[in-house]
Every structure is written in C-alpha cells, then in structure tokens.
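Asks: Here it is: the structure, laid out below.
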Amino acid sequence: MALTVGLRPLTRALLRPWARVPGAALGRPAAGSGDGVRCFGSPRVLVEPDPAAGVAVMKMRNPPVNSLSLEFLTELLISLEKLENDKTFRGIIITSDCPGIFSAGLDLLEMYGRDPAHCAEYWKAVQELWLRVYLSNLVVIGAINGISPAGGCLLSLSCDYRVLANNPKYAIGLNETLLGIIAPFWFKDVLVNTIGHRAAERALQLGFLFPPSDALQVGIVDQVVPEDQVQSTARSVMAQWLAIPDHARQLTKNLVRKPTADRLLQQRDADIQNFVRFISRDSIQKSLHVYLEKLKQKKG
Ligand SMILES: CC/C=C\C/C=C\C/C=C\CCC/C=C/C(=O)SCCNC(=O)CCNC(=O)[C@H](O)C(C)(C)COP(=O)(O)OP(=O)(O)OC[C@H]1O[C@@H](n2cnc3c(N)ncnc32)[C@H](O)[C@@H]1OP(=O)(O)O
C-alpha cells in the first residue's frame, strides 16, 4: 500500500526511528527467535521479531496509558512501515507494554488548547495510522491486554482479529460521547462493519465501554481468554491466518476493507478541516476541559 506518512519533516526528524531501545533491546533476544535476533524499535514502540515464524510482536509503551500522542503515532507509523516493507514478516501482533492499559485512545492534550495547525497535523497522523493498520498487507492481530477506549478501540477494530484478556477491569468501546465529542464517520464505519448497525447505533450514542463478556457477545472482540493466555492465543491464531496463502488473503482483505477506507481517502482534507472546526469550538474545548479535570479528580 503506497501511503505517505505525511507528517512534517520536523516531526520525523525529531524522532530516532530504529534507535536501539535502551536496556530492553540491548542484548535481549526476541522470544522464540533463537540466538542473534534482537528486539528493535523506537522509544515508545518495542518490536520483538520472530523471523522464523514471520511474525513481529509490536509492544506499545507510552506510559502511563499509551495515549496516542503525535510522537507516539509517528513512531507507530514508522514501525509499521518498516515491518510492512520487510519481506521477513507476514504478521504483526499489536499489544501493550503498559500494565492494565492497551491504549487510552487519542491523546486529549493534542486536542485541548492547541492551535488549528497543530490539530490538523495531529488529525492527519490519526488518519494515517488508521489507514496503515486497516489496510495492512500483513495479518494484524490485537492482543488486547488492558482497557481500550475510543482511539484504542479503533486501533483494535482495525486489526484482523482481536483477543481480549478476561479481566473485569478491562473494557473496550467507542466512548466519545461520554467526553462530549463524537466518533468521526470512519470510526463509526469500522464499528458498524464489526458489530452491525443496530448494536453500533446504541454503543456509539451511549458511549458503551464493553467489559470482556459483553464485548465477546456483541462481537467487538473475537475471543476472550485468561489474561496469561492472551499472547499465546494471539500466536496460535496468527498461525491459522498464516496458513492461508498471502496473495489470496491480502486480495480478499482489500476487497472487504477498501470501500470503507476509500470513504476517508476520498475526503481526507475535508475530514481534517471538519475535525479542526469541531475541536476548536468553545463548547467542545469546555467539554474536554471538564473531562480532563474529572480524570485528575479521580486520582483524589
Ligand atoms: C458535526 C461534526 C463534524 C465533524 C467531526 C469531526 C471529527 C470528530 C471530532 C473529534 C473526534 C475525536 C475522537 C476521539 C477519540 C479519543 O480517543 S478521545 C480519548 C478517549 N479516552 C478516554 O476516554 C480514556 C481516558 N482515560 C481514562 O479513562 C483513564 O486514564 C484510564 C482508564 C485509561 C487509566 O486509568 P488510570 O490507570 O487510573 O490512570 P489515570 O486516569 O490516573 O491517568 C494517568 C494519566 O494519564 C492521563 N490520561 C489518561 N487518558 C488520557 C488521554 N486519552 N489523553 C491524555 N492523557 C490521558 C491522565 O489525565 C493522567 O494524567 P496525570 O494526572 O498523571 O497528569
């Protein structure tokens, strides 16, 4: 897929793609990879390659909550692009390195109190990550080992298969309305494609965050397993998906997903402008302020 990363050169230059990850990366062989295969990545994205299996495990580690900041999105994009272009890999497992949190979704501080140019750049990166994961030629499996609201849910929904840890503290869903904001049409489309129109209508309006058993029942995840089996289950599922010839699976994936992606691709700039207009409204900024204050107060 020929997507440009589309971020300002400055943003990219600030990052150190493929820097060795301090400590964790140095000298630590990737699990199951045998001698000589090392983890790599960038400060916020740890990639554990298993070349023999053709699989890479991508661990998000932007503590405390893996919120999708501009820098984090950029690093995720660079990692994905690198894996996509490396013929060694046929599949990626996306998971979290932050205990109890898959991803808290979009970084609210990228949308609160920012100028329009920043919001536009941020939204472009959000679009880019979605397109890259959603249309990836690789098999993408989400090993969801923590709570996954809003943008975290979108990331999960963009995977080919979702395995959620069975922990009552975890939940997944598009909860935007609870923040006084709305899920954009392409978030909505992916949810409708996954759980159907009626269930999506209720879930979106009420901002449902589904705990594991409800998540499985509604179909927002494909499997719920004990927490200590999330990674191994993702691996077994990956083996099933990799048993299918790549070209047939990729063409089929494209057939199914392209119409949804095209809706955004045909109006990316307009979508950015809509977002910037919407998020810049005083009333929306107030809602974000109230929500951020609630998060602070929760701490006591
Ligand atoms: C007509 C309209 C036309 C066009 C419209 C066009 C476009 C649509 C417009 C907008 C679309 C926006 C879509 C938005 C998507 C999103 O993803 S919004 C984010 C949603 N996320 C959430 O609601 C999760 C919020 N966080 C939590 O609930 C909790 O933090 C947690 C359950 C994830 C973790 O709980 P704890 O472990 O208890 O940790 P804390 O709550 O103490 O958090 C630690 C620290 O992190 C900060 N934080 C948490 N989440 C975020 C976040 N998403 N972004 C930024 N920062 C976050 C939190 O404030 C704490 O900070 P400190 O107090 O330590 O500084």
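In the structure tokens, each chain is lettered A, B, ... as it comes, each chain's residues begin at 1, and ligands are numbered from 1 in order of appearance.
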Sort by chain and increasing residue number a table of all residues of chain A within 6 Å of ligand 1, each with its closest pair of atoms and their distance in Å to one decimal, counting only C-alpha atoms and all ligand atoms, and write it as a Markdown table.

Replies:
| residue | atom | partner | partner_atom_place_in_ligand_line | distance |
| --- | --- | --- | --- | --- |
| A:Pro64 | CA | ligand 1 | 44 (C) | 5.6 |
| A:Val65 | CA | ligand 1 | 46 (O) | 5.6 |
| A:Ser67 | CA | ligand 1 | 52 (C) | 5.1 |
| A:Ala104 | CA | ligand 1 | 33 (C) | 4.3 |
| A:Gly105 | CA | ligand 1 | 17 (O) | 3.6 |
| A:Leu106 | CA | ligand 1 | 17 (O) | 3.6 |
| A:Asp107 | CA | ligand 1 | 54 (N) | 3.4 |
| A:Leu108 | CA | ligand 1 | 54 (N) | 3.9 |
| A:Leu109 | CA | ligand 1 | 55 (C) | 5.3 |
| A:Pro149 | CA | ligand 1 | 21 (N) | 5.4 |
| A:Ala150 | CA | ligand 1 | 17 (O) | 4.0 |
| A:Gly151 | CA | ligand 1 | 17 (O) | 3.6 |
| A:Glu176 | CA | ligand 1 | 14 (C) | 5.9 |
| A:Ile181 | CA | ligand 1 | 10 (C) | 5.7 |
| A:Ile182 | CA | ligand 1 | 8 (C) | 5.2 |
| A:Ala183 | CA | ligand 1 | 11 (C) | 5.2 |
| A:Pro184 | CA | ligand 1 | 8 (C) | 4.5 |
| A:Asn274 | CA | ligand 1 | 4 (C) | 4.6 |
| A:Phe275 | CA | ligand 1 | 6 (C) | 3.8 |
| A:Phe278 | CA | ligand 1 | 5 (C) | 5.4 |
| A:Ile279 | CA | ligand 1 | 9 (C) | 6.0 |
| A:Leu292 | CA | ligand 1 | 59 (O) | 5.9 |
| A:Leu295 | CA | ligand 1 | 59 (O) | 5.1 |
| A:Lys296 | CA | ligand 1 | 63 (O) | 4.9 |
| A:Lys299 | CA | ligand 1 | 42 (O) | 5.8 |

Asks: Using C-alpha atoms, can you export the residues from the last selection as a PDB file, in the first residue's frame?

Replies:
ATOM      1  CA  PRO A  64       1.300   5.821  31.768  1.00  0.00           C
ATOM      2  CA  VAL A  65      -1.659   4.999  29.487  1.00  0.00           C
ATOM      3  CA  SER A  67      -2.326   7.703  24.845  1.00  0.00           C
ATOM      4  CA  ALA A 104      -6.324   5.216  26.456  1.00  0.00           C
ATOM      5  CA  GLY A 105      -7.061   6.386  22.915  1.00  0.00           C
ATOM      6  CA  LEU A 106      -6.229   9.686  21.336  1.00  0.00           C
ATOM      7  CA  ASP A 107      -4.137  11.986  23.461  1.00  0.00           C
ATOM      8  CA  LEU A 108      -6.545  14.590  24.766  1.00  0.00           C
ATOM      9  CA  LEU A 109      -3.702  17.038  25.238  1.00  0.00           C
ATOM     10  CA  PRO A 149     -11.449   3.141  24.833  1.00  0.00           C
ATOM     11  CA  ALA A 150     -12.111   5.338  21.773  1.00  0.00           C
ATOM     12  CA  GLY A 151      -8.909   5.609  19.685  1.00  0.00           C
ATOM     13  CA  GLU A 176     -16.526   9.550  22.615  1.00  0.00           C
ATOM     14  CA  ILE A 181     -17.292  14.696  21.469  1.00  0.00           C
ATOM     15  CA  ILE A 182     -18.267  12.430  18.586  1.00  0.00           C
ATOM     16  CA  ALA A 183     -16.712   9.487  16.826  1.00  0.00           C
ATOM     17  CA  PRO A 184     -15.833  10.507  13.248  1.00  0.00           C
ATOM     18  CA  ASN A 274     -14.132  19.225   9.848  1.00  0.00           C
ATOM     19  CA  PHE A 275     -12.129  17.916  12.759  1.00  0.00           C
ATOM     20  CA  PHE A 278     -15.251  20.846  15.506  1.00  0.00           C
ATOM     21  CA  ILE A 279     -12.488  20.532  18.055  1.00  0.00           C
ATOM     22  CA  LEU A 292      -9.580  16.213  31.853  1.00  0.00           C
ATOM     23  CA  LEU A 295      -9.554  12.402  35.211  1.00  0.00           C
ATOM     24  CA  LYS A 296      -7.427  14.481  37.609  1.00  0.00           C
ATOM     25  CA  LYS A 299      -6.917  10.449  41.470  1.00  0.00           C
TER      26      LYS A 299
END

Asks: Per DSSP on the backbone, filter region 1-237 of chain A down to the residues in strand (DSSP E or B) and report them as a PyMOL selection string.

Replies: chain A and resi 29+38+40-42+45-50+55-60+68+91-96+100-101+106+139-144+146-149+161-165+172-173+210+223-225

Asks: Just give me the gap between CA of Leu179 (chain A) and CA of Ser287 (chain A) in Å, one decimal is fine.

Replies: 6.5 Å

Asks: Find, counting only C-alpha atoms, the residue in A:Asn175, A:Gln285, A:Thr233, A:Ser136 that gets nearest to Asp160 (chain A).

Replies: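 Smallest separation from Asp160 (chain A) among the options: A:Ser136.
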
Asks: Considering only alpha helix (DSSP H) as DSSP defines it on the backbone, what residues of region 158-285 of chain A qualify? List them as a PyMOL selection string.

Replies: chain A and resi 185-195+197-206+212-218+230-242+246-265+268-280+282-285

Asks: Can you list every residue of region 109-199 of chain A that has an atom at most 8 Å from region 241-264 of chain A, with its nearest atom pair and the distance in Å to one decimal, using only C-alpha atoms, ordered by chain then number, as a tab-separated table?

Replies:
residue	atom	partner	partner_atom	distance
A:Leu131	CA	A:Ala261	CA	6.8
A:Tyr134	CA	A:Arg257	CA	7.5
A:Leu135	CA	A:Asn254	CA	6.8
A:Asn137	CA	A:Gln250	CA	5.7
A:Leu138	CA	A:Gln250	CA	7.8
A:Val139	CA	A:Trp241	CA	7.1
A:Trp186	CA	A:Leu264	CA	6.7
A:Asp189	CA	A:Thr260	CA	6.9
A:Val190	CA	A:Thr260	CA	7.6

Asks: Which residues are near Asp222 (chain A)? Cut-off 7 Å, only C-alpha atoms, ignore same chain within fewer than 4 positions. Put them as a list in words.

Replies: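 Neighbouring residues, sequence-local ones excluded: Tyr161, Arg162, Val163 and Leu216 of chain A.
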
Asks: For the selection you just gave me, I'd like the residues written to a file as a PDB file, in the first residue's frame, keeping all heavy atoms.

Replies:
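In the end it all went to out-v5.pdb:
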ATOM      1  N   TYR A 161      -8.029  -9.575  13.796  1.00  0.00           N
ATOM      2  CA  TYR A 161      -8.583 -10.463  14.828  1.00  0.00           C
ATOM      3  C   TYR A 161      -8.220  -9.868  16.178  1.00  0.00           C
ATOM      4  O   TYR A 161      -7.126  -9.326  16.360  1.00  0.00           O
ATOM      5  CB  TYR A 161      -7.984 -11.866  14.678  1.00  0.00           C
ATOM      6  CG  TYR A 161      -8.686 -12.943  15.452  1.00  0.00           C
ATOM      7  CD1 TYR A 161      -9.683 -13.714  14.866  1.00  0.00           C
ATOM      8  CD2 TYR A 161      -8.329 -13.218  16.772  1.00  0.00           C
ATOM      9  CE1 TYR A 161     -10.330 -14.719  15.575  1.00  0.00           C
ATOM     10  CE2 TYR A 161      -8.973 -14.233  17.491  1.00  0.00           C
ATOM     11  CZ  TYR A 161      -9.970 -14.970  16.885  1.00  0.00           C
ATOM     12  OH  TYR A 161     -10.603 -15.974  17.584  1.00  0.00           O
ATOM     13  N   ARG A 162      -9.142  -9.959  17.125  1.00  0.00           N
ATOM     14  CA  ARG A 162      -8.933  -9.353  18.448  1.00  0.00           C
ATOM     15  C   ARG A 162      -9.073 -10.404  19.554  1.00  0.00           C
ATOM     16  O   ARG A 162     -10.110 -11.090  19.623  1.00  0.00           O
ATOM     17  CB  ARG A 162      -9.979  -8.256  18.700  1.00  0.00           C
ATOM     18  CG  ARG A 162      -9.759  -7.001  17.925  1.00  0.00           C
ATOM     19  CD  ARG A 162     -10.986  -6.135  17.847  1.00  0.00           C
ATOM     20  NE  ARG A 162     -11.960  -6.658  16.893  1.00  0.00           N
ATOM     21  CZ  ARG A 162     -11.841  -6.633  15.568  1.00  0.00           C
ATOM     22  NH1 ARG A 162     -10.769  -6.100  15.014  1.00  0.00           N
ATOM     23  NH2 ARG A 162     -12.752  -7.150  14.784  1.00  0.00           N
ATOM     24  N   VAL A 163      -8.040 -10.489  20.379  1.00  0.00           N
ATOM     25  CA  VAL A 163      -8.087 -11.357  21.567  1.00  0.00           C
ATOM     26  C   VAL A 163      -8.033 -10.442  22.784  1.00  0.00           C
ATOM     27  O   VAL A 163      -7.098  -9.651  22.931  1.00  0.00           O
ATOM     28  CB  VAL A 163      -6.860 -12.303  21.607  1.00  0.00           C
ATOM     29  CG1 VAL A 163      -6.935 -13.217  22.824  1.00  0.00           C
ATOM     30  CG2 VAL A 163      -6.726 -13.103  20.323  1.00  0.00           C
ATOM     31  N   LEU A 216     -17.443  -9.852  23.935  1.00  0.00           N
ATOM     32  CA  LEU A 216     -17.478 -11.072  23.123  1.00  0.00           C
ATOM     33  C   LEU A 216     -18.871 -11.289  22.550  1.00  0.00           C
ATOM     34  O   LEU A 216     -19.042 -11.611  21.366  1.00  0.00           O
ATOM     35  CB  LEU A 216     -17.058 -12.269  23.985  1.00  0.00           C
ATOM     36  CG  LEU A 216     -16.941 -13.597  23.255  1.00  0.00           C
ATOM     37  CD1 LEU A 216     -15.871 -13.531  22.161  1.00  0.00           C
ATOM     38  CD2 LEU A 216     -16.606 -14.728  24.233  1.00  0.00           C
TER      39      LEU A 216
END

Asks: Quick one: of A:Leu178, A:Ala171, A:Cys39, A:Cys153, who's nearest to Lys294 (chain A), counting only C-alpha atoms?

Replies: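 Smallest separation from Lys294 (chain A) among the options: A:Leu178.
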
Asks: When you look at Thr177 (chain A) with a cut-off of 9 Å (counting only C-alpha atoms), what residues show up, excluding the ones that are within fewer than 6 positions of it in the same chain? I need them as a count of residues only.

Replies: 5

Asks: Pick out the closest residue to Gln231 (chain A) from this set: A:Ile93, A:Ser148, A:Leu288, A:Arg114. Count only C-alpha atoms.

Replies: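 Among A:Ile93, A:Ser148, A:Leu288, A:Arg114, it is A:Ile93 that comes nearest to Gln231 (chain A).
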
Asks: With only C-alpha atoms as the counted atoms, please give the residues lying no more than 10 Å from Asp271 (chain A), apart from itself and same-chain residues fewer than 4 positions off, as a short mmCIF file (atom, residue, chain, number, x, y, z; two decimals) with N, CA and C atoms, in the first residue's frame.

Replies:
data_model
loop_
_atom_site.label_atom_id
_atom_site.label_comp_id
_atom_site.auth_asym_id
_atom_site.auth_seq_id
_atom_site.Cartn_x
_atom_site.Cartn_y
_atom_site.Cartn_z
N ALA A 120 -4.61 20.02 12.99
CA ALA A 120 -4.64 19.46 11.62
C ALA A 120 -3.53 18.42 11.46
N TRP A 123 -4.49 15.32 13.43
CA TRP A 123 -5.56 14.51 12.83
C TRP A 123 -5.06 13.74 11.61
N LYS A 124 -4.15 14.37 10.87
CA LYS A 124 -3.58 13.68 9.70
C LYS A 124 -2.84 12.41 10.15
N GLN A 127 -5.44 9.74 11.05
CA GLN A 127 -5.95 9.13 9.81
C GLN A 127 -4.93 8.14 9.26
N PRO A 184 -15.76 10.15 14.66
CA PRO A 184 -15.83 10.51 13.25
C PRO A 184 -16.46 9.38 12.43
N PHE A 185 -16.87 9.70 11.18
CA PHE A 185 -17.62 8.71 10.41
C PHE A 185 -16.83 7.43 10.17
N TRP A 186 -15.50 7.55 10.06
CA TRP A 186 -14.73 6.33 9.77
C TRP A 186 -14.55 5.47 11.00
N LEU A 264 -12.81 7.53 3.47
CA LEU A 264 -11.93 8.55 4.05
C LEU A 264 -10.94 9.05 3.00
N LEU A 265 -10.36 8.12 2.23
CA LEU A 265 -9.32 8.52 1.27
C LEU A 265 -9.85 9.57 0.29
N GLN A 266 -11.14 9.48 -0.02
CA GLN A 266 -11.71 10.43 -0.98
C GLN A 266 -11.94 11.81 -0.38
N GLN A 267 -11.84 11.93 0.94
CA GLN A 267 -12.11 13.25 1.55
C GLN A 267 -11.25 13.50 2.78
N PHE A 275 -12.64 18.20 11.42
CA PHE A 275 -12.13 17.92 12.76
C PHE A 275 -11.66 19.20 13.42
N VAL A 276 -10.86 19.98 12.69
CA VAL A 276 -10.29 21.19 13.28
C VAL A 276 -11.40 22.17 13.67
N ARG A 277 -12.38 22.31 12.77
CA ARG A 277 -13.51 23.21 13.10
C ARG A 277 -14.23 22.74 14.36
#

Asks: Could you list, as a PyMOL selection string, every residue within 9 Å of Val55 (chain A), counting only C-alpha atoms and ignoring same-chain residues fewer than 5 positions away?

Replies: chain A and resi 48-50+88-93+235+238

Asks: Using the selection just defined, write its residues with C-alpha atoms as a PDB file, in the first residue's frame.

Replies:
ATOM      1  CA  GLU A  48      10.145  -8.256  19.081  1.00  0.00           C
ATOM      2  CA  PRO A  49      10.807 -10.040  15.805  1.00  0.00           C
ATOM      3  CA  ASP A  50      10.429 -13.767  15.282  1.00  0.00           C
ATOM      4  CA  THR A  88      10.609 -11.360   6.515  1.00  0.00           C
ATOM      5  CA  PHE A  89       7.308 -10.500   8.161  1.00  0.00           C
ATOM      6  CA  ARG A  90       3.837 -11.765   7.304  1.00  0.00           C
ATOM      7  CA  GLY A  91       2.081 -10.882  10.534  1.00  0.00           C
ATOM      8  CA  ILE A  92       2.152  -8.451  13.460  1.00  0.00           C
ATOM      9  CA  ILE A  93       0.722  -8.817  16.935  1.00  0.00           C
ATOM     10  CA  ARG A 235       0.265 -16.587  18.401  1.00  0.00           C
ATOM     11  CA  MET A 238      -1.669 -15.974  13.849  1.00  0.00           C
TER      12      MET A 238
END

Asks: Could you state the separation of CA of Pro226 (chain A) and CA of Pro51 (chain A) in Å, given to one decimal place?

Replies: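 If I compute the distance from CA of Pro226 (chain A) to CA of Pro51 (chain A), I get 27.0 Å.
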